[in-house]
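I have placed the structure first, in the form of structure tokens, so that the comments after it can refer back to it.
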Amino acid sequence: GIVLESKDFFVNQAVLTGETFPVEKRPEKVPAKASLAERINCVFMGTSVRSGTARVLIVQTGRATVFGQIADKLNLRPSQTEFERGIQRFGSLLTQVMLVMVVVVLAINIFLHKPPIDSLLFALALAVGLAPELLPAIISITLAHGAQQMAKRGVIVRRLNSIENFGSMDVLCTDKTGTLTQGVVHLNGAFDPEGQPSKTVLYFAYLNSQYQTGMNNPLDDAIGAYAKKAKLKIGYEQKVDEIPYDFVRKSLSVVTDDTKGKRTLTTKGALENILMVSNKVQVGDKVEILNAKKKAGIEKLYSEWSEKGFRVLGVATKPVEIRADSYTREVEKDLCFTGFLLFFDPPKVDVEQTIIDLKERGVQLKIITGDNEKVARHVADAVHLHVSRLMTGAELNAMSDDALWHAAERTTIFAEVDPNQKERIILAMRKTKHVVGYMGDGINDDPALHAADVGISVDTAVDVAKDAADFVLLKQDLDILKEGIDVGRVTFANSLKYILTTISANFGNMFSMAIVSLYLPFLPLLASQILLNNFLSDIPGTAIASDNVDPEWVAKPRRWDTVFIRRYMVLFGLVSSIFDLLTFVVLLFIYHASVGEFRTGWFLESLLTELVIALVVRTHRVFFRSRPGKLLLVSTIIIIGIALALPYLPVNSLFGFIPLPAPLLLTIIGLTLLYVLVVEAAKKYFYSRVINRDA
């Protein structure tokens, strides 16, 4: 609505702008593109009146209001996360490879006049063998394990897929109130007219705040807490009378008697109003005339403090005569200006260290707030957050989307922004390939929480904010975020380990099998043997969720890189194929194996190499310098034992296996050990190339 008339009309609109204090609304002209915080002539649905009266013309209702637009945004389907997009690209890559392999193998086998049905089953088995068919289960197990770990650290996971996004996040946007700051108004100090700390000013302010009987407010609470910490006592001062606060004077006075019967009026309020009723100033132990020069000095201090984001009140006193009747506002004149009170929302104790920790993990911290730019910059300075650029809501409105995409990356603080602008900022950074997290707890944060890759709220937030978030923190603490990021990166690392292990080994095995099938008068492996191979090799894969992760994996954000996976698959698949073909030569030309021996030997070699490669490629380091998880190591050893025993068990005929001669079995084990050494060398070569490419 548009304000037509107002009288001391103050509105709390923190629900939309996040401003700490109520703002005065009055009938004035504002620019057409003014931000919500700048529209002092408007009131909005969802905000609340703190004091005063007004007459307002309602111009928008329901879904047309700012509040209604926020509600509409929540009905939209959440956009795909970076994790979901990565899985989709990976699936497309696998589909293309499998389609080509099936068509080529089937066509060549039919051309060579091999049985069509057997050829079709073999080609389909190759496709199934190539696919990491347990990937959905492995990812679910890994994400569930990550959710458990995060819950232990005070983070409730509402969307499992967002855990890996948490680890991939490289930009974290947050409001300042309650996140970087404590969300509670504190008294920074009491100062004399020259800007020096003063216990006298604090004493009079404490006297005023404790004896006033009006509505309780956070400023008086802050004065009381500060005075108690300073061990001030006012017990020997007795209250005589009180002149209540009103929005015309913007001040409050109390009259007290000391033990000697001296009666004093103490007034506290808006600095401008206090100066209007003061004609003297306390300078040290002296009282001097408040001339133009001294008044200019006071106003200069007020301006400097306001620039730094402090809210400044003034304190004045004067002796008053003893009277029988009540004191009225007429006595508030010819006061002696005593000093200043500075209020602020202090930064959290550990936030500076947390910002350093986030930076070390490659996460940029950006402030998005509805508060004014001076307050936002002051908070950034207080927590030692380097500000490369500050952008206001008005500047943002004047930018095209293309311009914002470039500017958002270089901007640290976005101030005086409304809810829709917050969403626009998030979307702009996502367009520039950042994985963006947003932390908010108010209704005004809902569009941004909905648009972010990682939406983070707290358990004290409004219900709609928690509903829009992917994670809910049980404590409003950035330090929990740091731990959550680490868990997210561990989860991502373990998911990627499974994919790299499976896709490289499977691609090599299936590719070499397809080649060998062209030269053999029989199929190198039966379809049942291929599926058994995949089943046994995936059992240790389920233990990857609890695997240990090297520190370098969590040192920086990581995300799905299809090009990286494709190159990895080709290189390590080629190594696997070479050893498969080497096994082919050994079986046929050295040991002159029968069909049953060939299939059994080939099965063992392909399964053993896939099992041991998991222990090698799970780390960038030399494999014996990185300890695997206990469950992964034990399950791998057990499956290796089962694989070696399988040809000699009574059930071997069910899968077409026959016992192997000891020399042939030892040769296959020797080839597997040689394979480990070659893969280790290939790994060193591959990662050196990747590091050089990234550099």
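Going through the structure tokens in order, the chains are called A, B, and so on, while each chain numbers its residues from 1 and the ligands are numbered from 1 in the order shown.
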Looking only at helix (DSSP H, G or I) from DSSP on the backbone, list the matching residues of region 77-260 of chain A as a PDB file with C-alpha atoms, in the first residue's frame.
ATOM      1  CA  GLU A  82      24.917 -29.979 -10.197  1.00  0.00           C
ATOM      2  CA  PHE A  83      25.036 -33.590  -8.988  1.00  0.00           C
ATOM      3  CA  GLU A  84      21.937 -34.539 -10.997  1.00  0.00           C
ATOM      4  CA  ARG A  85      23.275 -32.836 -14.100  1.00  0.00           C
ATOM      5  CA  GLY A  86      26.580 -34.714 -13.706  1.00  0.00           C
ATOM      6  CA  ILE A  87      24.825 -38.080 -13.389  1.00  0.00           C
ATOM      7  CA  GLN A  88      22.766 -37.242 -16.485  1.00  0.00           C
ATOM      8  CA  ARG A  89      25.876 -36.430 -18.535  1.00  0.00           C
ATOM      9  CA  PHE A  90      27.590 -39.600 -17.303  1.00  0.00           C
ATOM     10  CA  GLY A  91      24.538 -41.656 -18.263  1.00  0.00           C
ATOM     11  CA  SER A  92      24.575 -40.151 -21.754  1.00  0.00           C
ATOM     12  CA  LEU A  93      28.250 -41.074 -22.160  1.00  0.00           C
ATOM     13  CA  LEU A  94      27.617 -44.681 -21.114  1.00  0.00           C
ATOM     14  CA  THR A  95      24.584 -44.990 -23.395  1.00  0.00           C
ATOM     15  CA  GLN A  96      26.585 -43.850 -26.411  1.00  0.00           C
ATOM     16  CA  VAL A  97      29.441 -46.287 -25.697  1.00  0.00           C
ATOM     17  CA  MET A  98      27.093 -49.218 -25.043  1.00  0.00           C
ATOM     18  CA  LEU A  99      25.007 -48.549 -28.154  1.00  0.00           C
ATOM     19  CA  VAL A 100      28.068 -48.479 -30.396  1.00  0.00           C
ATOM     20  CA  MET A 101      29.536 -51.639 -28.786  1.00  0.00           C
ATOM     21  CA  VAL A 102      26.299 -53.658 -29.049  1.00  0.00           C
ATOM     22  CA  VAL A 103      25.665 -52.745 -32.679  1.00  0.00           C
ATOM     23  CA  VAL A 104      29.273 -53.347 -33.801  1.00  0.00           C
ATOM     24  CA  VAL A 105      29.727 -56.657 -31.928  1.00  0.00           C
ATOM     25  CA  LEU A 106      26.362 -58.013 -33.050  1.00  0.00           C
ATOM     26  CA  ALA A 107      26.938 -57.002 -36.682  1.00  0.00           C
ATOM     27  CA  ILE A 108      30.428 -58.537 -36.854  1.00  0.00           C
ATOM     28  CA  ASN A 109      29.387 -61.798 -35.189  1.00  0.00           C
ATOM     29  CA  ILE A 110      26.439 -62.216 -37.568  1.00  0.00           C
ATOM     30  CA  PHE A 111      28.743 -61.407 -40.485  1.00  0.00           C
ATOM     31  CA  PRO A 116      22.403 -64.990 -34.002  1.00  0.00           C
ATOM     32  CA  ILE A 117      20.727 -65.628 -30.626  1.00  0.00           C
ATOM     33  CA  ASP A 118      24.025 -66.380 -28.880  1.00  0.00           C
ATOM     34  CA  SER A 119      25.590 -63.339 -30.554  1.00  0.00           C
ATOM     35  CA  LEU A 120      22.713 -61.104 -29.416  1.00  0.00           C
ATOM     36  CA  LEU A 121      22.893 -62.381 -25.836  1.00  0.00           C
ATOM     37  CA  PHE A 122      26.676 -61.920 -25.840  1.00  0.00           C
ATOM     38  CA  ALA A 123      26.386 -58.349 -27.156  1.00  0.00           C
ATOM     39  CA  LEU A 124      23.722 -57.463 -24.571  1.00  0.00           C
ATOM     40  CA  ALA A 125      25.829 -59.063 -21.816  1.00  0.00           C
ATOM     41  CA  LEU A 126      28.736 -56.864 -22.905  1.00  0.00           C
ATOM     42  CA  ALA A 127      26.494 -53.797 -22.603  1.00  0.00           C
ATOM     43  CA  VAL A 128      25.307 -54.879 -19.157  1.00  0.00           C
ATOM     44  CA  GLY A 129      28.875 -55.704 -18.165  1.00  0.00           C
ATOM     45  CA  LEU A 130      30.041 -52.264 -19.230  1.00  0.00           C
ATOM     46  CA  LEU A 135      25.567 -47.301  -9.355  1.00  0.00           C
ATOM     47  CA  PRO A 136      22.090 -46.222  -8.081  1.00  0.00           C
ATOM     48  CA  ALA A 137      22.474 -48.494  -5.047  1.00  0.00           C
ATOM     49  CA  ILE A 138      26.071 -47.400  -4.420  1.00  0.00           C
ATOM     50  CA  ILE A 139      25.125 -43.719  -4.645  1.00  0.00           C
ATOM     51  CA  SER A 140      22.154 -44.255  -2.302  1.00  0.00           C
ATOM     52  CA  ILE A 141      24.359 -46.059   0.222  1.00  0.00           C
ATOM     53  CA  THR A 142      27.061 -43.398  -0.053  1.00  0.00           C
ATOM     54  CA  LEU A 143      24.580 -40.533   0.333  1.00  0.00           C
ATOM     55  CA  ALA A 144      22.822 -42.237   3.259  1.00  0.00           C
ATOM     56  CA  HIS A 145      26.192 -42.723   4.960  1.00  0.00           C
ATOM     57  CA  GLY A 146      26.952 -39.043   4.340  1.00  0.00           C
ATOM     58  CA  ALA A 147      23.572 -38.030   5.798  1.00  0.00           C
ATOM     59  CA  GLN A 148      24.357 -40.032   8.947  1.00  0.00           C
ATOM     60  CA  GLN A 149      27.728 -38.325   9.312  1.00  0.00           C
ATOM     61  CA  MET A 150      26.165 -34.885   8.817  1.00  0.00           C
ATOM     62  CA  ALA A 151      23.432 -35.621  11.350  1.00  0.00           C
ATOM     63  CA  LYS A 152      26.140 -36.360  13.934  1.00  0.00           C
ATOM     64  CA  SER A 162      22.273 -32.217  -2.332  1.00  0.00           C
ATOM     65  CA  ILE A 163      24.976 -33.775  -0.132  1.00  0.00           C
ATOM     66  CA  GLU A 164      27.416 -34.001  -3.014  1.00  0.00           C
ATOM     67  CA  ASN A 165      26.468 -30.476  -4.079  1.00  0.00           C
ATOM     68  CA  PHE A 166      27.479 -29.391  -0.579  1.00  0.00           C
ATOM     69  CA  GLY A 167      30.953 -30.709  -1.308  1.00  0.00           C
ATOM     70  CA  SER A 168      31.038 -29.193  -4.810  1.00  0.00           C
ATOM     71  CA  LYS A 199      31.750   5.243  32.713  1.00  0.00           C
ATOM     72  CA  THR A 200      29.742   8.339  33.611  1.00  0.00           C
ATOM     73  CA  VAL A 201      27.759   8.147  30.385  1.00  0.00           C
ATOM     74  CA  LEU A 202      27.235   4.419  30.905  1.00  0.00           C
ATOM     75  CA  TYR A 203      26.031   5.081  34.461  1.00  0.00           C
ATOM     76  CA  PHE A 204      23.383   7.600  33.375  1.00  0.00           C
ATOM     77  CA  ALA A 205      22.284   5.380  30.471  1.00  0.00           C
ATOM     78  CA  TYR A 206      21.945   2.408  32.840  1.00  0.00           C
ATOM     79  CA  LEU A 207      19.963   4.527  35.284  1.00  0.00           C
ATOM     80  CA  ASN A 208      17.606   5.589  32.507  1.00  0.00           C
ATOM     81  CA  SER A 209      17.132   2.099  31.069  1.00  0.00           C
ATOM     82  CA  GLN A 210      16.531   0.373  34.400  1.00  0.00           C
ATOM     83  CA  TYR A 211      14.008   2.855  35.766  1.00  0.00           C
ATOM     84  CA  PRO A 218      16.479  -4.620  22.870  1.00  0.00           C
ATOM     85  CA  LEU A 219      18.426  -1.365  23.306  1.00  0.00           C
ATOM     86  CA  ASP A 220      17.656  -1.146  27.027  1.00  0.00           C
ATOM     87  CA  ASP A 221      18.420  -4.855  27.392  1.00  0.00           C
ATOM     88  CA  ALA A 222      21.792  -4.252  25.734  1.00  0.00           C
ATOM     89  CA  ILE A 223      22.576  -1.372  28.097  1.00  0.00           C
ATOM     90  CA  GLY A 224      21.654  -3.510  31.109  1.00  0.00           C
ATOM     91  CA  ALA A 225      23.811  -6.421  29.984  1.00  0.00           C
ATOM     92  CA  TYR A 226      26.812  -4.153  29.321  1.00  0.00           C
ATOM     93  CA  ALA A 227      26.451  -2.353  32.675  1.00  0.00           C
ATOM     94  CA  LYS A 228      26.196  -5.608  34.627  1.00  0.00           C
ATOM     95  CA  LYS A 229      29.321  -6.849  32.904  1.00  0.00           C
TER      96      LYS A 229
END
*asked:* For Gly235 (chain A), find every residue with an atom within 10 Å (counting only C-alpha atoms), except residues of its own chain fewer than 2 positions away, and show them as an NGL selection string.
replied: :A and (207 or 232-233 or 237-238 or 258)
*Residue contacts of region 644-656 of chain A (12 Å, only C-alpha atoms) excluding same-chain residues fewer than 6 positions away, as a PyMOL selection string*: chain A and resi 524-533+536+595-605+607-608+637-638+662+665-666+668-669
_Given only C-alpha atoms as the counted atoms, nearest of A:Val616, A:Ala505, A:Val387, A:Val586 to Ala131 (chain A)_ =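 Closest candidate: A:Ala505.
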*Can you list, as a VMD selection string, every protein, DNA or RNA residue that comes within 10 Å of region 35-48 of chain A when you count only C-alpha atoms, leaving out same-chain residues fewer than 6 positions away?*
chain A and resid 1 to 6 10 to 19 22 to 29 56 to 58 60 to 62 65 to 68 370 to 372 392 to 397 415 to 419 421 443
Export of prior selection with C-alpha atoms as a JSON list (two decimals), in the first residue's frame:
[["chain", "number", "residue", "atom", "x", "y", "z"],
["A", 1, "GLY", "CA", 0.00, 0.00, 0.00],
["A", 2, "ILE", "CA", 0.95, 3.67, -0.50],
["A", 3, "VAL", "CA", 1.23, 5.82, 2.65],
["A", 4, "LEU", "CA", -1.01, 8.90, 2.31],
["A", 5, "GLU", "CA", -0.71, 10.22, 5.86],
["A", 6, "SER", "CA", 1.44, 9.14, 8.80],
["A", 10, "PHE", "CA", 7.27, 2.73, 12.34],
["A", 11, "VAL", "CA", 7.08, -0.66, 10.61],
["A", 12, "ASN", "CA", 9.11, -3.83, 11.19],
["A", 13, "GLN", "CA", 9.77, -5.22, 7.69],
["A", 14, "ALA", "CA", 12.57, -7.62, 8.58],
["A", 15, "VAL", "CA", 10.46, -10.43, 7.10],
["A", 16, "LEU", "CA", 11.19, -8.96, 3.65],
["A", 17, "THR", "CA", 14.40, -6.95, 4.00],
["A", 18, "GLY", "CA", 16.19, -8.42, 7.03],
["A", 19, "GLU", "CA", 16.64, -4.97, 8.60],
["A", 22, "PRO", "CA", 11.88, -0.81, 12.48],
["A", 23, "VAL", "CA", 11.83, 1.87, 9.76],
["A", 24, "GLU", "CA", 9.73, 5.01, 9.63],
["A", 25, "LYS", "CA", 7.16, 5.22, 6.83],
["A", 26, "ARG", "CA", 5.98, 8.58, 5.53],
["A", 27, "PRO", "CA", 4.32, 10.02, 2.39],
["A", 28, "GLU", "CA", 7.31, 10.97, 0.24],
["A", 29, "LYS", "CA", 8.33, 10.48, -3.38],
["A", 56, "VAL", "CA", -2.72, 3.86, 3.47],
["A", 57, "LEU", "CA", -4.10, 3.28, -0.03],
["A", 58, "ILE", "CA", -4.01, -0.45, -0.85],
["A", 60, "GLN", "CA", -1.95, -4.65, -4.53],
["A", 61, "THR", "CA", -3.42, -7.70, -2.82],
["A", 62, "GLY", "CA", -2.87, -11.45, -2.64],
["A", 65, "THR", "CA", 2.08, -8.44, -3.47],
["A", 66, "VAL", "CA", 5.78, -9.02, -2.79],
["A", 67, "PHE", "CA", 4.74, -11.61, -0.21],
["A", 68, "GLY", "CA", 2.49, -13.33, -2.75],
["A", 370, "GLY", "CA", 18.39, -6.16, 2.76],
["A", 371, "ASP", "CA", 20.25, -3.88, 5.19],
["A", 372, "ASN", "CA", 21.95, -0.71, 4.00],
["A", 392, "THR", "CA", 23.27, -2.14, -4.05],
["A", 393, "GLY", "CA", 19.81, -3.20, -5.09],
["A", 394, "ALA", "CA", 19.42, -0.02, -7.16],
["A", 395, "GLU", "CA", 22.60, -0.80, -9.11],
["A", 396, "LEU", "CA", 21.44, -4.37, -9.62],
["A", 397, "ASN", "CA", 18.10, -3.20, -11.05],
["A", 415, "ALA", "CA", 23.15, -4.68, 0.00],
["A", 416, "GLU", "CA", 19.63, -3.24, 0.05],
["A", 417, "VAL", "CA", 18.29, -6.10, -2.06],
["A", 418, "ASP", "CA", 14.76, -7.50, -2.06],
["A", 419, "PRO", "CA", 13.80, -11.22, -2.21],
["A", 421, "GLN", "CA", 16.88, -9.71, -6.40],
["A", 443, "ILE", "CA", 10.41, -15.62, 4.32]]
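For the choices A:Glu272, A:Glu373, A:Phe337, A:Ala382, the atom-to-atom distance to Thr181 (chain A) is smallest for A:Ala382 when using only C-alpha atoms.
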*Which of these residues is nearest to Leu365 (chain A), using only C-alpha atoms: A:Thr266, A:Thr583, A:Thr412, A:Thr672?*
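Closest to Leu365 (chain A), using only C-alpha atoms: A:Thr412.
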*Pick from A:Val49, A:Ala593, A:Ile456, A:Leu574: nearest to Arg159 (chain A), with only C-alpha atoms counted?*
A:Ile456
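Proximity of A:Ile156, A:Leu385, A:Val240, A:Val315 to Ala270 (chain A), computed with only C-alpha atoms, is greatest for A:Val315.
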